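Coordinates as given in final.txt (compact mmCIF, C-alpha atoms):
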# COMPACT_ATOMS: atom_id res chain seq x y z
CA MET A 26 -10.20 -26.81 44.91
CA LYS A 27 -9.60 -30.00 42.95
CA GLY A 28 -7.46 -30.18 39.80
CA GLY A 29 -10.46 -30.34 37.46
CA GLN A 30 -12.02 -27.31 39.08
CA TRP A 31 -8.82 -25.34 38.59
CA VAL A 32 -8.90 -26.18 34.90
CA TRP A 33 -12.51 -25.04 34.60
CA ALA A 34 -11.79 -21.89 36.57
CA ALA A 35 -8.81 -21.12 34.36
CA LEU A 36 -10.89 -21.70 31.22
CA LEU A 37 -13.65 -19.48 32.58
CA ALA A 38 -11.17 -16.75 33.43
CA ALA A 39 -9.53 -17.04 30.01
CA SER A 40 -12.84 -16.79 28.18
CA ALA A 41 -13.85 -13.84 30.37
CA MET A 42 -10.58 -12.15 29.42
CA CYS A 43 -11.29 -12.85 25.75
CA PHE A 44 -14.70 -11.28 26.01
CA ALA A 45 -13.26 -8.41 27.98
CA LYS A 46 -10.72 -7.79 25.21
CA ALA A 47 -13.51 -7.75 22.64
CA ASP A 48 -15.59 -5.52 24.82
CA GLY A 49 -14.59 -2.07 23.66
CA THR A 50 -11.21 -1.95 25.36
CA TRP A 51 -10.15 0.56 22.73
CA MET A 52 -12.40 3.13 24.37
CA ARG A 53 -10.29 3.01 27.52
CA LYS A 54 -7.15 3.77 25.52
CA VAL A 55 -8.43 7.03 24.10
CA PRO A 56 -6.53 9.99 25.62
CA GLN A 57 -8.71 12.57 27.35
CA ASN A 58 -7.77 15.28 24.85
CA ASP A 59 -9.00 13.14 21.96
CA ARG A 60 -12.09 11.99 23.81
CA THR A 61 -13.39 15.52 24.22
CA ARG A 62 -12.73 16.71 20.67
CA THR A 63 -15.80 17.91 18.81
CA ASN A 64 -16.67 17.18 15.22
CA PRO A 65 -16.56 20.34 13.10
CA TYR A 66 -19.00 18.69 10.66
CA ALA A 67 -21.46 17.34 13.24
CA SER A 68 -25.01 17.00 11.86
CA LYS A 69 -24.13 18.70 8.56
CA ALA A 70 -26.03 17.00 5.75
CA ASP A 71 -23.24 17.50 3.20
CA ALA A 72 -20.66 16.01 5.54
CA ILE A 73 -22.89 13.02 6.31
CA ALA A 74 -23.34 12.37 2.58
CA ALA A 75 -19.58 12.72 2.00
CA GLY A 76 -18.95 10.49 5.00
CA ARG A 77 -21.25 7.87 3.50
CA ASN A 78 -19.22 7.93 0.26
CA LEU A 79 -15.97 7.64 2.18
CA PHE A 80 -17.45 4.81 4.22
CA LEU A 81 -18.43 2.97 1.03
CA ASN A 82 -14.94 3.48 -0.41
CA ASN A 83 -12.94 2.49 2.63
CA CYS A 84 -14.98 0.68 5.26
CA ALA A 85 -17.88 -1.16 3.59
CA LYS A 86 -15.69 -3.99 2.35
CA CYS A 87 -15.33 -5.16 5.97
CA HIS A 88 -18.30 -3.67 7.78
CA GLY A 89 -20.96 -3.98 5.06
CA GLU A 90 -22.59 -1.32 2.90
CA ASN A 91 -24.98 -0.35 5.66
CA ALA A 92 -22.48 -0.84 8.50
CA GLU A 93 -24.34 -4.00 9.47
CA GLY A 94 -21.13 -6.02 9.93
CA LYS A 95 -19.81 -8.92 7.88
CA GLY A 96 -18.71 -12.28 9.21
CA THR A 97 -16.39 -11.63 12.14
CA ARG A 98 -16.19 -7.90 11.36
CA PRO A 99 -18.46 -6.03 13.74
CA SER A 100 -21.55 -3.99 13.03
CA LEU A 101 -21.05 -0.25 13.34
CA THR A 102 -24.60 0.33 14.49
CA SER A 103 -24.17 -0.58 18.12
CA ALA A 104 -24.82 0.47 21.66
CA ARG A 105 -21.13 1.15 22.08
CA LEU A 106 -21.05 3.65 19.25
CA ARG A 107 -24.13 5.36 20.64
CA ILE A 108 -22.37 6.04 23.92
CA ALA A 109 -18.99 6.83 22.32
CA THR A 110 -18.12 10.47 21.83
CA ASP A 111 -17.26 11.82 18.38
CA GLY A 112 -13.69 12.21 19.58
CA GLU A 113 -13.48 8.55 20.58
CA ILE A 114 -14.78 7.39 17.20
CA ALA A 115 -12.34 9.72 15.40
CA TRP A 116 -9.50 8.32 17.52
CA LEU A 117 -10.44 4.74 16.60
CA ILE A 118 -10.57 5.54 12.87
CA LYS A 119 -7.20 7.26 13.02
CA ASN A 120 -5.36 4.69 15.11
CA GLY A 121 -7.25 1.52 14.35
CA SER A 122 -7.04 -1.46 16.66
CA LEU A 123 -4.22 -3.27 14.91
CA TYR A 124 -4.12 -6.40 17.01
CA LYS A 125 -7.86 -6.93 16.58
CA GLY A 126 -7.94 -6.49 12.83
CA MET A 127 -8.96 -2.85 12.51
CA PRO A 128 -6.37 -1.04 10.37
CA SER A 129 -5.26 2.52 10.95
CA TRP A 130 -6.79 5.17 8.69
CA GLY A 131 -4.37 7.86 9.77
CA GLY A 132 -3.37 8.30 6.13
CA LEU A 133 -6.75 9.81 5.33
CA PRO A 134 -6.98 13.58 5.77
CA GLU A 135 -8.42 14.59 9.12
CA GLN A 136 -11.37 16.33 7.45
CA GLU A 137 -12.39 13.08 5.75
CA ARG A 138 -12.14 11.20 9.03
CA TRP A 139 -14.48 13.72 10.68
CA GLN A 140 -16.89 13.34 7.76
CA MET A 141 -16.92 9.60 8.41
CA VAL A 142 -17.59 10.28 12.10
CA ALA A 143 -20.54 12.46 11.08
CA TYR A 144 -21.92 9.60 8.99
CA LEU A 145 -21.40 7.02 11.74
CA ARG A 146 -23.05 9.38 14.23
CA SER A 147 -26.06 9.63 11.91
CA LEU A 148 -26.36 5.85 12.19
CA ASN A 149 -25.81 5.92 15.94
CA PRO A 150 -27.49 8.99 17.39
CA GLN A 151 -26.51 9.57 21.00
CA GLY A 152 -29.23 9.07 23.56
CA THR A 153 -31.21 6.54 21.53
CA GLU A 154 -32.06 3.03 22.62
CA ALA A 155 -29.11 0.66 22.72
CA GLY A 156 -28.82 -1.92 19.94
CA ASN A 157 -26.43 -4.82 19.71
CA VAL A 158 -22.97 -4.36 21.15
CA GLY A 159 -20.66 -4.97 18.24
CA VAL A 160 -17.67 -2.75 17.93
CA ARG A 161 -14.50 -4.31 19.30
CA MET B 12 4.97 5.22 -29.36
CA LEU B 13 7.78 3.34 -27.71
CA PHE B 14 5.21 1.55 -25.59
CA ALA B 15 3.13 0.62 -28.65
CA HIS B 16 6.27 -0.60 -30.37
CA PHE B 17 7.18 -2.86 -27.49
CA CYS B 18 3.63 -4.11 -27.10
CA GLY B 19 3.55 -5.02 -30.76
CA ARG B 20 6.95 -6.64 -30.49
CA VAL B 21 6.01 -8.69 -27.46
CA ALA B 22 2.61 -9.64 -28.82
CA GLY B 23 4.11 -10.63 -32.15
CA SER B 24 6.80 -12.78 -30.66
CA ARG B 25 6.25 -16.51 -30.37
CA SER B 26 8.79 -17.07 -27.64
CA ALA B 27 7.56 -18.23 -24.25
CA PRO B 28 9.12 -15.31 -22.33
CA ALA B 29 7.40 -12.85 -24.63
CA ALA B 30 4.06 -14.52 -24.12
CA VAL B 31 4.53 -14.50 -20.36
CA LEU B 32 5.64 -10.89 -20.50
CA GLY B 33 2.53 -10.00 -22.45
CA GLY B 34 0.51 -11.75 -19.80
CA LEU B 35 2.24 -9.74 -17.10
CA VAL B 36 1.45 -6.49 -18.85
CA PHE B 37 -2.22 -7.17 -19.24
CA ALA B 38 -2.89 -9.13 -16.06
CA GLY B 39 -3.80 -6.00 -14.18
CA LEU B 40 -5.79 -4.52 -17.01
CA LEU B 41 -7.96 -7.62 -17.45
CA LEU B 42 -9.38 -7.28 -13.98
CA ALA B 43 -12.10 -4.98 -15.19
CA CYS B 44 -14.69 -5.91 -12.61
CA PRO B 45 -17.37 -3.26 -12.26
CA ASN B 46 -17.63 -3.39 -8.47
CA GLY B 47 -14.91 -2.65 -6.02
CA TRP B 48 -13.57 -0.14 -3.58
CA ALA B 49 -10.81 2.38 -3.59
CA GLN B 50 -8.27 3.18 -0.95
CA GLN B 51 -6.19 6.23 -0.33
CA GLU B 52 -2.81 5.34 -1.75
CA PRO B 53 0.14 7.65 -2.17
CA PRO B 54 1.23 7.95 -5.81
CA TYR B 55 4.73 6.59 -5.22
CA PHE B 56 6.39 3.85 -7.26
CA VAL B 57 9.54 3.32 -5.22
CA THR B 58 8.91 4.84 -1.80
CA TYR B 59 6.80 3.00 0.74
CA SER B 60 4.55 4.80 3.18
CA SER B 61 3.15 3.33 6.40
CA ALA B 62 -0.07 2.37 4.60
CA LEU B 63 -0.57 -1.39 4.69
CA GLU B 64 -3.10 -3.51 2.87
CA GLU B 65 -6.30 -3.97 4.85
CA PRO B 66 -6.53 -7.45 6.38
CA GLY B 67 -8.06 -10.00 4.03
CA ASN B 68 -7.76 -7.81 0.92
CA LEU B 69 -5.68 -8.74 -2.11
CA GLU B 70 -4.33 -6.01 -4.34
CA ILE B 71 -3.00 -6.84 -7.78
CA GLU B 72 -0.83 -4.19 -9.35
CA ASN B 73 0.76 -3.96 -12.75
CA GLN B 74 3.45 -1.29 -12.90
CA ASN B 75 5.58 -0.57 -15.91
CA ILE B 76 8.58 1.42 -17.01
CA VAL B 77 9.31 2.67 -20.49
CA ALA B 78 12.68 4.32 -21.10
CA ALA B 79 14.98 5.14 -23.96
CA PRO B 80 18.38 5.74 -22.33
CA LYS B 81 21.11 7.53 -24.23
CA ASN B 82 23.63 5.13 -25.84
CA ALA B 83 21.49 2.10 -24.99
CA ASN B 84 18.45 0.33 -26.39
CA GLY B 85 15.04 1.42 -25.17
CA PHE B 86 13.22 -0.98 -22.89
CA PHE B 87 9.85 -1.76 -21.40
CA ALA B 88 9.83 -3.40 -17.96
CA PRO B 89 6.57 -4.63 -16.41
CA THR B 90 6.17 -5.90 -12.86
CA VAL B 91 3.12 -7.64 -11.44
CA GLU B 92 2.67 -7.41 -7.72
CA PHE B 93 0.31 -9.32 -5.42
CA GLU B 94 -0.19 -7.65 -2.06
CA TYR B 95 -2.19 -9.31 0.70
CA GLY B 96 -3.16 -7.97 4.09
CA VAL B 97 -2.42 -10.83 6.48
CA THR B 98 -3.31 -8.78 9.55
CA ALA B 99 -3.77 -5.10 10.24
CA TRP B 100 -0.05 -4.89 11.10
CA TRP B 101 1.42 -7.31 8.51
CA THR B 102 1.27 -7.14 4.73
CA ALA B 103 2.86 -9.79 2.48
CA GLU B 104 3.73 -9.31 -1.18
CA ALA B 105 5.00 -11.31 -4.13
CA TYR B 106 6.38 -9.85 -7.35
CA ILE B 107 7.15 -11.27 -10.74
CA GLN B 108 8.98 -9.11 -13.21
CA GLY B 109 10.34 -9.04 -16.73
CA GLN B 110 11.53 -6.73 -19.45
CA ALA B 111 11.66 -6.35 -23.21
CA THR B 112 14.56 -4.50 -24.80
CA ASP B 113 14.45 -3.00 -28.26
CA HIS B 114 16.68 -4.81 -30.81
CA ASP B 115 17.23 -7.53 -28.22
CA SER B 116 14.75 -9.86 -26.48
CA ALA B 117 12.07 -10.21 -23.84
CA VAL B 118 13.01 -12.01 -20.64
CA LEU B 119 11.62 -12.80 -17.24
CA THR B 120 14.02 -11.32 -14.75
CA GLY B 121 12.92 -12.87 -11.46
CA TYR B 122 10.68 -12.73 -8.44
CA ARG B 123 10.56 -11.23 -4.98
CA PHE B 124 8.79 -11.93 -1.70
CA GLU B 125 8.45 -9.27 0.93
CA SER B 126 6.70 -8.50 4.18
CA ARG B 127 6.02 -5.23 5.92
CA PHE B 128 5.33 -4.95 9.63
CA ARG B 129 4.02 -2.11 11.74
CA PRO B 130 5.69 -2.51 15.13
CA LEU B 131 3.73 0.22 16.93
CA PRO B 132 0.01 -0.15 17.58
CA ARG B 133 -0.96 3.51 17.20
CA GLU B 134 -0.41 6.50 14.95
CA TYR B 135 2.46 8.72 15.93
CA TRP B 136 4.08 11.79 14.46
CA ILE B 137 6.45 9.43 12.65
CA ASN B 138 5.21 5.91 11.99
CA PRO B 139 7.86 3.26 11.43
CA VAL B 140 7.35 0.16 9.30
CA LEU B 141 9.87 -2.68 9.01
CA TYR B 142 10.35 -4.26 5.60
CA VAL B 143 12.13 -7.51 4.74
CA GLU B 144 12.48 -8.97 1.28
CA TYR B 145 14.00 -11.97 -0.46
CA GLU B 146 14.69 -11.49 -4.13
CA ASN B 147 15.86 -13.82 -6.86
CA VAL B 148 16.53 -11.66 -9.91
CA ASN B 149 19.04 -11.70 -12.70
CA ALA B 150 21.14 -8.78 -13.86
CA ALA B 151 18.75 -8.09 -16.75
CA ASP B 152 16.30 -6.62 -14.23
CA LYS B 153 15.19 -3.13 -15.24
CA SER B 154 12.29 -2.75 -12.84
CA PHE B 155 13.95 0.02 -10.80
CA LEU B 156 11.84 -1.00 -7.80
CA GLU B 157 14.70 0.36 -5.74
CA ILE B 158 18.29 1.36 -6.39
CA THR B 159 21.10 0.21 -4.13
CA GLY B 160 24.88 0.18 -4.26
CA ASN B 161 27.06 1.41 -7.08
CA THR B 162 25.47 0.88 -10.47
CA THR B 163 26.27 2.37 -13.82
CA ILE B 164 24.16 3.18 -16.82
CA ASP B 165 26.58 1.12 -18.94
CA THR B 166 24.80 -2.02 -17.71
CA LEU B 167 21.88 -1.09 -19.95
CA GLN B 168 24.16 -1.53 -23.00
CA VAL B 169 24.82 -5.21 -22.24
CA SER B 170 22.69 -7.80 -24.03
CA ASN B 171 19.92 -9.63 -22.18
CA ALA B 172 21.55 -12.97 -22.99
CA ALA B 173 24.68 -11.97 -21.07
CA LEU B 174 22.83 -10.28 -18.24
CA ARG B 175 20.33 -13.02 -17.52
CA ALA B 176 23.15 -15.48 -16.84
CA GLU B 177 24.13 -13.47 -13.78
CA LEU B 178 21.71 -14.42 -11.04
CA GLU B 179 21.59 -12.62 -7.72
CA ARG B 180 19.77 -13.81 -4.64
CA SER B 181 19.65 -11.25 -1.94
CA ILE B 182 17.92 -10.17 1.22
CA GLU B 183 16.90 -6.61 1.67
CA GLY B 184 15.73 -4.62 4.64
CA LYS B 185 14.11 -1.22 4.74
CA LEU B 186 13.25 1.12 7.52
CA ILE B 187 10.15 2.97 6.39
CA LEU B 188 9.24 6.18 8.16
CA SER B 189 6.02 7.93 7.32
CA SER B 190 4.18 10.96 8.64
CA SER B 191 0.78 12.50 7.96
CA VAL B 192 0.68 16.25 8.54
CA LYS B 193 -2.30 18.38 7.51
CA GLY B 194 -3.18 16.09 4.63
CA TRP B 195 0.41 15.71 3.46
CA ASN B 196 2.19 12.39 3.51
CA PHE B 197 5.95 12.41 4.02
CA SER B 198 7.76 9.11 3.64
CA GLU B 199 11.42 8.19 3.95
CA ASN B 200 12.94 4.78 3.24
CA MET B 201 16.43 3.65 4.19
CA ILE B 202 17.46 0.53 2.26
CA ALA B 203 20.17 -2.08 2.94
CA GLU B 204 20.72 -5.08 0.68
CA LYS B 205 23.06 -8.07 0.86
CA ALA B 206 23.62 -10.72 -1.77
CA VAL B 207 23.47 -14.20 -0.26
CA ASN B 208 24.82 -16.20 -3.22
CA GLU B 209 28.00 -14.25 -3.80
CA ALA B 210 30.56 -12.31 -1.79
CA GLU B 211 29.39 -8.74 -2.19
CA ALA B 212 29.40 -5.95 0.33
CA TRP B 213 26.24 -4.55 1.87
CA GLU B 214 24.63 -2.08 -0.51
CA PHE B 215 22.60 0.93 0.48
CA GLY B 216 19.98 3.15 -1.03
CA TYR B 217 17.24 5.59 -0.12
CA ALA B 218 13.88 6.90 -1.27
CA VAL B 219 11.96 9.94 -0.06
CA ALA B 220 8.60 11.25 -1.18
CA ALA B 221 5.80 13.64 -0.32
CA SER B 222 2.23 13.82 -1.56
CA ARG B 223 -1.15 15.35 -0.85
CA PRO B 224 -4.70 14.83 -2.16
CA LEU B 225 -5.92 17.77 -4.23
CA SER B 226 -8.76 18.18 -1.74
CA LEU B 227 -8.76 17.21 1.92
CA LYS B 228 -12.53 16.93 2.15
CA GLY B 229 -14.71 14.22 0.66
CA SER B 230 -17.39 15.13 -1.83
CA SER B 231 -21.05 14.52 -1.08
CA ARG B 232 -21.57 13.11 -4.57
CA ARG B 233 -20.17 9.86 -5.93
CA CYS B 234 -17.58 10.74 -8.55
CA THR B 235 -14.44 9.37 -10.12
CA PHE B 236 -12.54 12.54 -10.92
CA CYS B 237 -13.30 14.43 -7.71
CA ARG B 238 -10.29 16.28 -6.40
CA GLN B 239 -10.05 14.15 -3.27
CA ASN B 240 -9.53 11.06 -5.46
CA ILE B 241 -6.44 12.58 -7.07
CA THR B 242 -3.16 12.67 -5.18
CA ALA B 243 -0.11 14.53 -6.40
CA GLY B 244 3.42 14.49 -5.08
CA ALA B 245 7.06 13.98 -5.86
CA GLU B 246 9.62 11.28 -5.32
CA LEU B 247 13.43 11.18 -5.05
CA PHE B 248 15.43 7.98 -4.87
CA GLY B 249 18.84 6.54 -5.62
CA GLY B 250 21.81 4.50 -4.49
CA LEU B 251 24.13 5.26 -1.61
CA GLY B 252 27.01 2.99 -2.53
CA THR B 253 28.29 0.09 -0.51
CA ARG B 254 29.77 -0.51 2.90
CA TYR B 255 33.25 0.16 1.49
CA ASN B 256 32.29 2.94 -0.90
CA PHE B 257 29.50 4.84 0.76
CA GLY B 258 28.18 7.98 -0.91
CA LEU B 259 26.62 9.26 -4.10
CA GLY B 260 29.59 8.54 -6.36
CA GLN B 261 28.87 6.12 -9.21
CA THR B 262 25.22 5.77 -8.27
CA GLN B 263 21.98 6.36 -10.11
CA GLN B 264 19.69 9.12 -8.83
CA TYR B 265 16.17 9.96 -9.98
CA ALA B 266 13.49 12.48 -9.08
CA GLY B 267 10.14 13.38 -10.51
CA PRO B 268 6.51 14.27 -9.92
CA ALA B 269 3.97 11.54 -9.29
CA MET B 270 0.21 11.41 -9.56
CA ALA B 271 -2.44 8.85 -8.63
CA LEU B 272 -6.16 8.52 -9.21
CA ASN B 273 -7.95 6.39 -6.62
CA ALA B 274 -11.12 5.55 -8.55
CA PRO B 275 -14.18 4.49 -6.53
CA ASN B 276 -14.53 1.32 -8.65
CA GLY B 277 -11.49 -0.21 -6.95
CA PHE B 278 -8.84 0.75 -9.48
CA THR B 279 -5.89 3.00 -8.76
CA TYR B 280 -3.95 4.53 -11.65
CA LYS B 281 -0.49 5.99 -11.15
CA PHE B 282 1.85 7.90 -13.37
CA SER B 283 5.29 9.38 -12.88
CA PRO B 284 8.07 10.61 -15.13
CA GLU B 285 11.34 10.22 -13.22
CA PHE B 286 14.32 12.19 -14.38
CA GLY B 287 17.91 11.04 -14.04
CA LEU B 288 19.88 13.50 -11.93
CA ASN B 289 23.40 12.57 -12.97
CA ASP B 290 25.28 11.24 -15.98
CA ASN B 291 25.09 7.78 -14.52
CA SER B 292 21.27 7.67 -14.71
CA ALA B 293 18.91 7.00 -17.60
CA GLY B 294 17.40 10.20 -19.01
CA VAL B 295 13.75 9.68 -18.11
CA LEU B 296 11.92 6.68 -16.70
CA TRP B 297 8.28 6.87 -17.70
CA ARG B 298 6.35 4.90 -15.11
CA PHE B 299 2.69 4.02 -15.12
CA GLY B 300 0.71 1.51 -13.13
CA VAL B 301 -2.77 0.23 -12.46
CA SER B 302 -3.88 -1.71 -9.43
CA TYR B 303 -7.10 -3.34 -8.36
CA GLU B 304 -8.06 -4.28 -4.85
CA ILE B 305 -10.13 -7.43 -4.34
CA PRO B 306 -11.87 -7.08 -0.99
CA GLN B 307 -11.93 -9.81 1.64
CA VAL B 308 -10.43 -12.62 -0.40
CA ARG B 309 -10.11 -14.77 2.69
CA ASP B 310 -13.89 -14.92 2.98
CA TRP B 311 -13.83 -17.10 -0.13
CA PHE B 312 -12.12 -19.79 1.92
CA ARG B 313 -14.39 -19.62 4.93
CA ARG B 314 -17.32 -21.96 5.26
CA SER B 315 -19.68 -19.46 6.91
CA LYS B 316 -19.67 -15.87 5.67

Representation of the structure as structure tokens:
Amino acid sequence: MKGGQWVWAALLAASAMCFAKADGTWMRKVPQNDRTRTNPYASKADAIAAGRNLFLNNCAKCHGENAEGKGTRPSLTSARLRIATDGEIAWLIKNGSLYKGMPSWGGLPEQERWQMVAYLRSLNPQGTEAGNVGVR
Amino acid sequence: MLFAHFCGRVAGSRSAPAAVLGGLVFAGLLLACPNGWAQQEPPYFVTYSSALEEPGNLEIENQNIVAAPKNANGFFAPTVEFEYGVTAWWTAEAYIQGQATDHDSAVLTGYRFESRFRPLPREYWINPVLYVEYENVNAADKSFLEITGNTTIDTLQVSNAALRAELERSIEGKLILSSSVKGWNFSENMIAEKAVNEAEAWEFGYAVAASRPLSLKGSSRRCTFCRQNITAGAELFGGLGTRYNFGLGQTQQYAGPAMALNAPNGFTYKFSPEFGLNDNSAGVLWRFGVSYEIPQVRDWFRRSK
């Protein structure tokens, strides 16, 4: 392989790694115990409404009022969230993804985090057709 | 009443420091924008938790102290703080502070720059945060943003003119530990400070605090005074002497309840009476603060949004 080809190959590999890092790597970090946790407020209308309020207070400034995403901040209506379990979403809210810009919300009470999961699940029902892949 | 007296005194003064001080006091209050967002903040004034500013957000806070110490003139000390989330693991802050003393004068006392870093990428049982600060303040400072070393209440009897001539530049480090357990926040700060413009020993201090929202569940209706928007707790802080004189002797110690309202319109209001625990402390420090978070300031400087 000539020198120029090596450069192109390295660039291709680097960009593939970049995409791979932005391709839901957080989901692979979720411990099994967290992954299988169930949401005590799943599908409860009150919890979804409360989760919407919490979302507006804490998340909408980056992700948009309807979770549509803003600038480089991803949409939260995505194929990835449709396949994610409630436990995985709760883990992401609690821990964040600090090196990719998502802060930790571990300071919020656990009940409020589950209410937000209920709201996000209402936007991303499992088993529905996949939309755009947005969550990093 | 003391507050009104000082406000009137500062507003009525024609001196430049008084005008600037008045500006400091009202800078936070003038940000009465109708739209904004709240965040869950502990109600502490001195103790830091592991909560950092969200990346791209700018929070402007005006926090104030009113006190009438025994055998010294009463004072009013405002601080304005600008806190910016650089990344999800790094928050930078700048402070400007001043004070007005009854039967004396109003002076600017200095400025501070600080950064807080989260070294660990996930939430753990105890979450550490590293804090570094450079401060350039004179001895007239009455902000009580932290207490380190051996200090005496007698300092409050000295005139501002004499105190402001004594300038101290120092670096300060804190180890912040913070835990969230069943809705409670527990935070502990260990403080070490070293003057860089004079030969002084390392000084130490501490702050510990705990708080909890009145409700752990969010409400399904949009409301300002919902219980989950109100956080109550308590704070304890003071000096721990110096490298050569470590301990509680000749230090100031304070403790008191603290309360915060995280309003959904983006404002946070905090209040805390802090009581002096020994003869070396002022009787009561009445603290109150208001902050406003401006979301995604960095978007203003991007071409495409």

Tell me, as a PDB file with C-alpha atoms, keeping the file's coordinate frame, which residues lie within 7 Å of Tyr217 of chain B, counting all atoms listed in the file; anything in the same chain fewer than 3 positions away does not count.
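Contents of out_29.pdb, as written:
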ATOM      1  CA  ASN B 200      12.940   4.780   3.240  1.00  0.00           C
ATOM      2  CA  MET B 201      16.430   3.650   4.190  1.00  0.00           C
ATOM      3  CA  ILE B 202      17.460   0.530   2.260  1.00  0.00           C
ATOM      4  CA  PHE B 248      15.430   7.980  -4.870  1.00  0.00           C
ATOM      5  CA  GLY B 249      18.840   6.540  -5.620  1.00  0.00           C
ATOM      6  CA  GLY B 250      21.810   4.500  -4.490  1.00  0.00           C
TER       7      GLY B 250
END

* Structure fact -> One decimal place gives the atom CA of Asp165 of chain B-atom CA of Pro80 of chain B separation as 10.0 Å

* To do: List every protein, DNA or RNA residue that has at least one atom no more than 12 Å from (-18.8, 9.5, 3.8) in the file's coordinates, counting only C-alpha atoms, and write the result as number ranges by chain.
  => A: 66, 69-85, 90-92, 136-148; B: 228-233

* Asked: A:Gly96, A:Gly49, A:Pro65, A:Gly89: which is nearest chain B, counting all atoms listed in the file?
  ->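 For chain B, the nearest of the candidates is A:Gly96.
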
* Would you work out the distance separating atom CA of Ser129 of chain A from atom CA of Asn68 of chain B, expressed in Å to one decimal? => 14.6 Å

* At what distance in Å, to one decimal, does atom CA of Gly112 of chain A lie from atom CA of Asn273 of chain B? ->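 It comes out at 27.4 Å.
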
* Point (27.1, -14.8, -4.5), cut-off 12 Å, counting only C-alpha atoms, residues as a ChimeraX atom specification -> /B:147,149,177-182,205-212

Write a file of the selected residues as a compact mmCIF listing (two decimals), in the frame of the given file, keeping C-alpha atoms.
# COMPACT_ATOMS: atom_id res chain seq x y z
CA ASN B 147 15.86 -13.82 -6.86
CA ASN B 149 19.04 -11.70 -12.70
CA GLU B 177 24.13 -13.47 -13.78
CA LEU B 178 21.71 -14.42 -11.04
CA GLU B 179 21.59 -12.62 -7.72
CA ARG B 180 19.77 -13.81 -4.64
CA SER B 181 19.65 -11.25 -1.94
CA ILE B 182 17.92 -10.17 1.22
CA LYS B 205 23.06 -8.07 0.86
CA ALA B 206 23.62 -10.72 -1.77
CA VAL B 207 23.47 -14.20 -0.26
CA ASN B 208 24.82 -16.20 -3.22
CA GLU B 209 28.00 -14.25 -3.80
CA ALA B 210 30.56 -12.31 -1.79
CA GLU B 211 29.39 -8.74 -2.19
CA ALA B 212 29.40 -5.95 0.33

* Might you pull out every residue within 12 Å of Leu63 of chain B, with all atoms listed in the file counted and same-chain residues fewer than 5 positions away left off, and present them as a count of residues only? => 36

* Structure fact -> From the list A:Pro150, A:Pro99, A:Gly94, A:Pro134, the nearest residue to chain B using only C-alpha atoms is A:Pro134
